[in-house]
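Asker: My structure is in input19.tsv, and what it holds is TSV, C-alpha atoms:
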```
chain	number	residue	atom	x	y	z
A	1	MET	CA	0.00	0.00	0.00
A	2	SER	CA	1.38	3.40	-0.97
A	3	GLU	CA	2.04	5.99	1.70
A	4	PRO	CA	-0.61	8.76	1.98
A	5	LEU	CA	1.05	12.03	1.04
A	6	GLU	CA	-1.75	14.56	1.15
A	7	HIS	CA	-0.51	16.13	4.41
A	8	ALA	CA	2.93	16.63	2.86
A	9	LEU	CA	1.28	18.55	0.01
A	10	ALA	CA	-1.13	20.70	2.00
A	11	GLU	CA	-1.07	24.45	2.33
A	12	THR	CA	-0.42	25.50	5.92
A	13	GLU	CA	0.01	28.68	7.91
A	14	PHE	CA	3.77	28.69	7.35
A	15	ILE	CA	4.00	26.76	4.07
A	16	ASP	CA	1.69	29.14	2.20
A	17	HIS	CA	2.38	27.81	-1.26
A	18	THR	CA	-0.57	29.48	-3.02
A	19	SER	CA	0.62	32.94	-1.98
A	20	ALA	CA	1.59	35.41	-4.70
A	21	GLU	CA	5.18	35.52	-3.44
A	22	VAL	CA	5.68	31.76	-3.72
A	23	LYS	CA	4.02	31.61	-7.14
A	24	LYS	CA	6.24	34.41	-8.45
A	25	PHE	CA	9.39	32.78	-7.06
A	26	VAL	CA	8.58	29.39	-8.60
A	27	ALA	CA	7.64	30.92	-11.95
A	28	GLY	CA	11.02	32.64	-12.04
A	29	VAL	CA	12.86	29.35	-11.45
A	30	LEU	CA	10.99	26.79	-13.54
A	31	PRO	CA	10.34	27.09	-17.25
A	32	ASP	CA	6.99	26.03	-18.67
A	33	GLY	CA	7.00	22.24	-18.93
A	34	GLY	CA	9.79	19.95	-20.03
A	35	LEU	CA	11.09	19.03	-16.58
A	36	ASP	CA	10.42	15.91	-14.56
A	37	GLU	CA	9.73	15.95	-10.85
A	38	ARG	CA	13.33	15.44	-9.81
A	39	ASP	CA	14.59	18.21	-12.07
A	40	ARG	CA	12.03	20.60	-10.62
A	41	ALA	CA	13.03	19.71	-7.06
A	42	VAL	CA	16.74	20.22	-7.84
A	43	ARG	CA	16.25	23.57	-9.60
A	44	LEU	CA	14.11	24.84	-6.76
A	45	TYR	CA	16.72	23.66	-4.25
A	46	TYR	CA	19.49	25.73	-5.83
A	47	ALA	CA	17.23	28.75	-6.21
A	48	VAL	CA	16.35	28.70	-2.50
A	49	ARG	CA	19.94	27.98	-1.48
A	50	ASP	CA	21.54	30.81	-3.43
A	51	ARG	CA	18.85	33.40	-4.18
A	52	ILE	CA	17.76	33.74	-0.57
A	53	GLY	CA	20.50	34.89	1.78
A	54	TYR	CA	21.27	32.88	4.89
A	55	GLU	CA	21.23	35.12	7.96
A	56	ILE	CA	20.64	34.18	11.55
A	57	TYR	CA	20.97	37.69	13.01
A	58	GLY	CA	17.69	39.57	13.11
A	59	ALA	CA	15.71	36.43	12.26
A	60	ASP	CA	12.00	36.98	12.80
A	61	PHE	CA	10.29	34.19	14.75
A	62	SER	CA	6.86	35.77	14.84
A	63	ARG	CA	4.14	33.73	13.18
A	64	ARG	CA	4.09	36.07	10.19
A	65	GLY	CA	7.85	36.25	10.04
A	66	LEU	CA	8.15	32.49	9.59
A	67	THR	CA	5.80	32.21	6.61
A	68	ALA	CA	7.37	31.35	3.29
A	69	SER	CA	5.82	34.41	1.69
A	70	GLN	CA	7.35	36.81	4.22
A	71	THR	CA	10.79	35.26	3.85
A	72	LEU	CA	10.55	35.75	0.10
A	73	ARG	CA	9.59	39.38	0.63
A	74	LEU	CA	12.70	39.92	2.76
A	75	GLY	CA	15.02	37.83	0.60
A	76	ARG	CA	16.81	36.30	3.59
A	77	GLY	CA	16.28	33.96	6.51
A	78	MET	CA	17.89	31.26	8.58
A	79	CYS	CA	17.57	27.50	8.24
A	80	ILE	CA	13.92	27.28	9.31
A	81	HIS	CA	12.82	30.15	7.08
A	82	LYS	CA	14.63	28.84	4.02
A	83	SER	CA	13.46	25.27	4.54
A	84	LEU	CA	9.87	26.47	4.72
A	85	VAL	CA	10.33	28.39	1.46
A	86	TYR	CA	11.67	25.27	-0.22
A	87	LEU	CA	8.74	23.22	1.04
A	88	ALA	CA	6.30	25.84	-0.22
A	89	ALA	CA	7.97	25.84	-3.63
A	90	LEU	CA	7.90	22.04	-3.80
A	91	ARG	CA	4.28	21.76	-2.78
A	92	SER	CA	3.29	24.43	-5.27
A	93	VAL	CA	4.38	22.08	-8.08
A	94	GLY	CA	2.92	18.95	-6.48
A	95	ILE	CA	6.05	17.52	-4.82
A	96	PRO	CA	5.51	16.34	-1.22
A	97	GLY	CA	7.88	17.63	1.42
A	98	ARG	CA	8.28	17.73	5.19
A	99	LEU	CA	10.26	19.81	7.66
A	100	VAL	CA	13.02	18.07	9.61
A	101	LEU	CA	14.25	19.53	12.91
A	102	THR	CA	17.57	18.56	14.47
A	103	ASP	CA	20.19	19.69	16.97
A	104	VAL	CA	23.70	20.10	15.53
A	105	ARG	CA	27.23	20.78	16.75
A	106	ASN	CA	29.60	23.15	14.94
A	107	HIS	CA	26.81	24.85	13.05
A	108	LEU	CA	28.06	27.48	10.56
A	109	ALA	CA	28.81	30.27	13.02
A	110	SER	CA	31.21	33.01	14.01
A	111	GLU	CA	32.78	33.39	17.44
A	112	ARG	CA	30.35	36.22	18.17
A	113	LEU	CA	27.41	34.03	17.27
A	114	ARG	CA	28.71	31.15	19.40
A	115	SER	CA	28.82	33.51	22.37
A	116	TYR	CA	25.17	34.40	21.71
A	117	ILE	CA	23.94	30.83	21.38
A	118	GLY	CA	25.96	29.61	24.35
A	119	GLY	CA	28.50	27.30	22.68
A	120	ASP	CA	28.75	25.26	19.52
A	121	VAL	CA	25.42	23.37	19.74
A	122	PHE	CA	22.53	24.88	17.81
A	123	HIS	CA	19.05	23.58	18.59
A	124	TYR	CA	16.22	23.27	16.05
A	125	HIS	CA	18.37	23.37	12.94
A	126	ALA	CA	16.03	22.78	9.99
A	127	LEU	CA	16.28	20.89	6.73
A	128	THR	CA	13.74	19.12	4.52
A	129	SER	CA	12.62	15.67	3.46
A	130	VAL	CA	11.44	15.43	-0.16
A	131	HIS	CA	9.41	12.62	-1.72
A	132	LEU	CA	10.93	11.77	-5.11
A	133	ASP	CA	10.78	8.59	-7.19
A	134	GLY	CA	8.72	6.82	-4.55
A	135	ARG	CA	11.02	7.47	-1.59
A	136	TRP	CA	12.11	10.21	0.81
A	137	VAL	CA	15.45	12.00	0.40
A	138	ARG	CA	16.76	14.82	2.55
A	139	ALA	CA	17.88	18.22	1.32
A	140	THR	CA	19.28	21.29	3.09
A	141	PRO	CA	18.74	24.41	0.92
A	142	VAL	CA	20.16	26.65	3.61
A	143	PHE	CA	23.78	27.84	3.38
A	144	ASN	CA	24.23	29.93	0.25
A	145	ARG	CA	27.38	29.66	-1.84
A	146	ILE	CA	28.86	33.07	-0.98
A	147	LEU	CA	28.50	32.59	2.77
A	148	CYS	CA	29.99	29.10	2.57
A	149	LYS	CA	33.03	30.53	0.81
A	150	LEU	CA	33.49	33.15	3.53
A	151	TYR	CA	33.41	30.46	6.23
A	152	GLY	CA	35.65	28.00	4.36
A	153	MET	CA	32.92	25.46	3.65
A	154	ALA	CA	31.90	23.69	0.46
A	155	PRO	CA	28.24	24.40	-0.37
A	156	LEU	CA	25.87	21.45	-0.14
A	157	GLU	CA	24.86	19.97	-3.48
A	158	PHE	CA	21.64	18.07	-4.18
A	159	ASP	CA	20.78	15.84	-7.15
A	160	GLY	CA	17.43	14.50	-5.99
A	161	THR	CA	18.72	10.94	-5.51
A	162	ALA	CA	20.85	11.07	-2.35
A	163	ASP	CA	20.58	12.80	1.01
A	164	SER	CA	22.24	16.20	1.27
A	165	VAL	CA	22.18	16.99	4.95
A	166	HIS	CA	25.33	18.55	6.38
A	167	HIS	CA	28.87	19.71	5.76
A	168	PRO	CA	30.96	16.95	7.35
A	169	TYR	CA	34.41	18.48	6.80
A	170	THR	CA	36.10	21.75	5.96
A	171	GLY	CA	38.75	21.95	3.28
A	172	ASP	CA	41.50	21.26	5.82
A	173	GLY	CA	39.77	18.14	7.15
A	174	ALA	CA	38.45	19.59	10.40
A	175	ARG	CA	35.03	18.42	11.52
A	176	ASN	CA	32.44	21.06	10.72
A	177	MET	CA	28.98	19.82	11.61
A	178	GLU	CA	27.69	16.91	13.66
A	179	PHE	CA	24.06	15.88	14.09
A	180	LEU	CA	23.28	15.25	17.75
A	181	HIS	CA	19.53	14.75	17.95
A	182	GLU	CA	16.54	14.64	15.64
A	183	HIS	CA	13.22	16.05	16.83
A	184	GLY	CA	11.32	14.49	13.93
A	185	GLU	CA	9.68	15.22	10.60
A	186	PHE	CA	6.70	17.57	10.44
A	187	ASP	CA	4.05	18.42	7.85
A	188	ASP	CA	4.10	22.00	9.14
A	189	LEU	CA	6.29	24.01	11.49
A	190	PRO	CA	5.57	23.10	15.14
A	191	TYR	CA	5.63	26.75	16.13
A	192	ARG	CA	5.38	26.56	19.92
A	193	LEU	CA	7.93	23.74	20.11
A	194	VAL	CA	10.48	25.76	18.15
A	195	LEU	CA	9.88	29.18	19.71
A	196	ASP	CA	9.79	27.87	23.27
A	197	GLY	CA	12.81	25.71	22.53
A	198	MET	CA	14.79	28.65	21.17
A	199	ARG	CA	13.90	30.78	24.18
A	200	SER	CA	15.01	28.00	26.51
A	201	ARG	CA	18.15	26.85	24.71
A	202	HIS	CA	19.43	30.15	23.29
A	203	PRO	CA	18.08	32.89	25.59
A	204	ALA	CA	20.93	35.37	25.01
A	205	ILE	CA	20.13	35.84	21.33
A	206	ILE	CA	16.35	36.22	21.73
A	207	VAL	CA	15.38	39.91	21.91
A	208	GLY	CA	12.40	42.20	21.46
A	209	PRO	CA	9.30	42.85	23.54
A	210	ASP	CA	7.72	39.57	22.42
A	211	ARG	CA	10.99	37.60	22.57
A	212	ASP	CA	10.48	36.38	19.03
A	213	ARG	CA	13.43	37.93	17.19
A	214	PHE	CA	17.16	37.26	17.14
A	215	ALA	CA	19.67	39.98	17.99
A	216	PRO	CA	20.88	42.21	15.13
A	217	GLY	CA	24.14	41.60	13.33
A	218	SER	CA	25.57	40.08	10.17
A	219	LEU	CA	27.30	36.76	9.48
A	220	VAL	CA	29.07	38.37	6.54
A	221	ALA	CA	30.36	41.17	8.79
A	222	ASP	CA	31.46	38.60	11.37
A	223	ALA	CA	33.42	36.71	8.72
A	224	THR	CA	35.03	39.72	7.04
A	225	GLY	CA	35.50	42.07	9.99
A	226	ARG	CA	33.77	44.82	8.02
A	227	PRO	CA	30.70	46.67	9.28
A	228	ALA	CA	27.35	45.23	8.17
```
Before we go any further, please render this structure as structure tokens.
Answerer:
Amino acid sequence: MSEPLEHALAETEFIDHTSAEVKKFVAGVLPDGGLDERDRAVRLYYAVRDRIGYEIYGADFSRRGLTASQTLRLGRGMCIHKSLVYLAALRSVGIPGRLVLTDVRNHLASERLRSYIGGDVFHYHALTSVHLDGRWVRATPVFNRILCKLYGMAPLEFDGTADSVHHPYTGDGARNMEFLHEHGEFDDLPYRLVLDGMRSRHPAIIVGPDRDRFAPGSLVADATGRPA
């Protein structure tokens, strides 16, 4: 019996794939016809990875701020924001996808950011699980090429056939990212779990009257030493 996939295709509060912003983004990436499902998933992956900047500073964790449409308006976001955009883009063309939440060590980070998050373990790192060719593969359309270069990392590639989940080594062979715990796969963002978890695990970086925004800054500025 085939696995029911309707929940992995549904429109949700955060994966708002019928929004004008998502439709415009997808239309700008995919030509009319001529591509199979895997090709569409791969092209959308690279568009999300490199056309949307990765930035953890100033990340908006309000309900509106985490919608795919709002991230596309801003043109930047962190792992959760970008993963939700990718899921929205996939679902808009009929490809099932789910959000994966994990805890990782040695997340792409500067020394300043490590001081904010309280060490080298980042909780609720997000990636995606994509249903292609009758099975689930994992993809991480998060760290854009330019930022990876600044931090001495190779960007993650994805071909739609094999998992693309983390950067295991830097160019000099040092360990760069280690998965410590998986919270599970979700058809939509479990908002309270993530927000409460961020407040509990990374309290120093959570700011604002509603405690739903990360402190200001710039990963590019941290890497280059130049003002943001």
Asker: From the set A:Val26, A:Ala20, A:Val207, A:Val220, which residue has the shortest atom-to-atom contact distance to Glu55 of chain A, counting all atoms listed in the file?
Answerer: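 Nearest candidate to Glu55 of chain A out of A:Val26, A:Ala20, A:Val207, A:Val220: A:Val220.
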Asker: For a quick check of understanding, using only C-alpha atoms, which of A:Phe25, A:Phe158, A:Phe61, A:Tyr116 has the smallest distance to Gly75 of chain A?
Answerer: A:Phe25
Asker: Would you mind listing what lies within 6 Å of His125 of chain A as a ChimeraX atom specification, with only C-alpha atoms counted and same-chain residues fewer than 5 positions away left out?
Answerer: /A:101-103
Asker: Give as a ChimeraX atom specification the set of residues within 8 Å of the point (10.6, 36.3, 20.0), where distances use the file's coordinates and all atoms listed in the file.
Answerer: /A:60-62,195,199,206-214
Asker: Which one of A:Leu189, A:Ala8, A:Cys148, A:Leu132 sits closest to Arg49 of chain A if you count all atoms listed in the file?
Answerer: A:Cys148
Asker: Kindly indicate which residue among A:Ala47, A:Val142, A:Leu74, A:Ala223 lies nearest to Pro155 of chain A, using all atoms listed in the file for the distances.
Answerer: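 Smallest separation from Pro155 of chain A among the options: A:Val142.
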Asker: If I take atom CA of Gly65 of chain A and atom CA of Glu185 of chain A, how far is one from the other in Å, to one decimal?
Answerer: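 Atom CA of Gly65 of chain A sits 21.1 Å away from atom CA of Glu185 of chain A.
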Asker: Would you mind listing what lies within 12 Å of Glu111 of chain A as a list in words, with all atoms listed in the file counted and same-chain residues fewer than 4 positions away left out?
Answerer: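 The contact residues come out as Asn106, His107, Ser115, Tyr116, Ile117, Gly118, Gly119, Asp120, Tyr151, Leu219, Ala221, Asp222, Ala223 and Gly225 of chain A.
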Asker: Could you tell me how far atom CA of Gly28 of chain A lies from atom CA of Glu13 of chain A, in Å and to one decimal?
Answerer: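 About the pair atom CA of Gly28 of chain A and atom CA of Glu13 of chain A: they are 23.1 Å apart.
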Asker: Find, counting only C-alpha atoms, the residue in A:Tyr86, A:Tyr124, A:Tyr46, A:Phe179 that gets nearest to Arg192 of chain A.
Answerer: A:Tyr124
Asker: Find the residues around Ser92 of chain A up to 9 Å (all atoms listed in the file counted), leave out those fewer than 3 positions away in its own chain, and share them as a VMD selection string.
Answerer: chain A and resid 9 11 16 to 18 22 to 23 26 87 to 89 95
Asker: I need the residue nearest Gly94 of chain A from this list: A:Ala109, A:Ala204, A:Ala41, A:Ala215. Use all atoms listed in the file for the distance.
Answerer: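 Counting all atoms listed in the file, the residue closest to Gly94 of chain A is A:Ala41.
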Asker: Return as JSON the centre and edge lengths, in Å with one decimal, of the box along x, y and z that encloses every atom of segment 181-192 of chain A in the file, padded by 3 Å per side.
Answerer:
```
{"center_x": 11.8, "center_y": 20.6, "center_z": 13.9, "size_x": 21.5, "size_y": 18.3, "size_z": 18.1}
```
Asker: Work out how far apart atom CA of Met177 of chain A and atom CA of Val121 of chain A are and give it in Å to one decimal.
Answerer: 9.6 Å
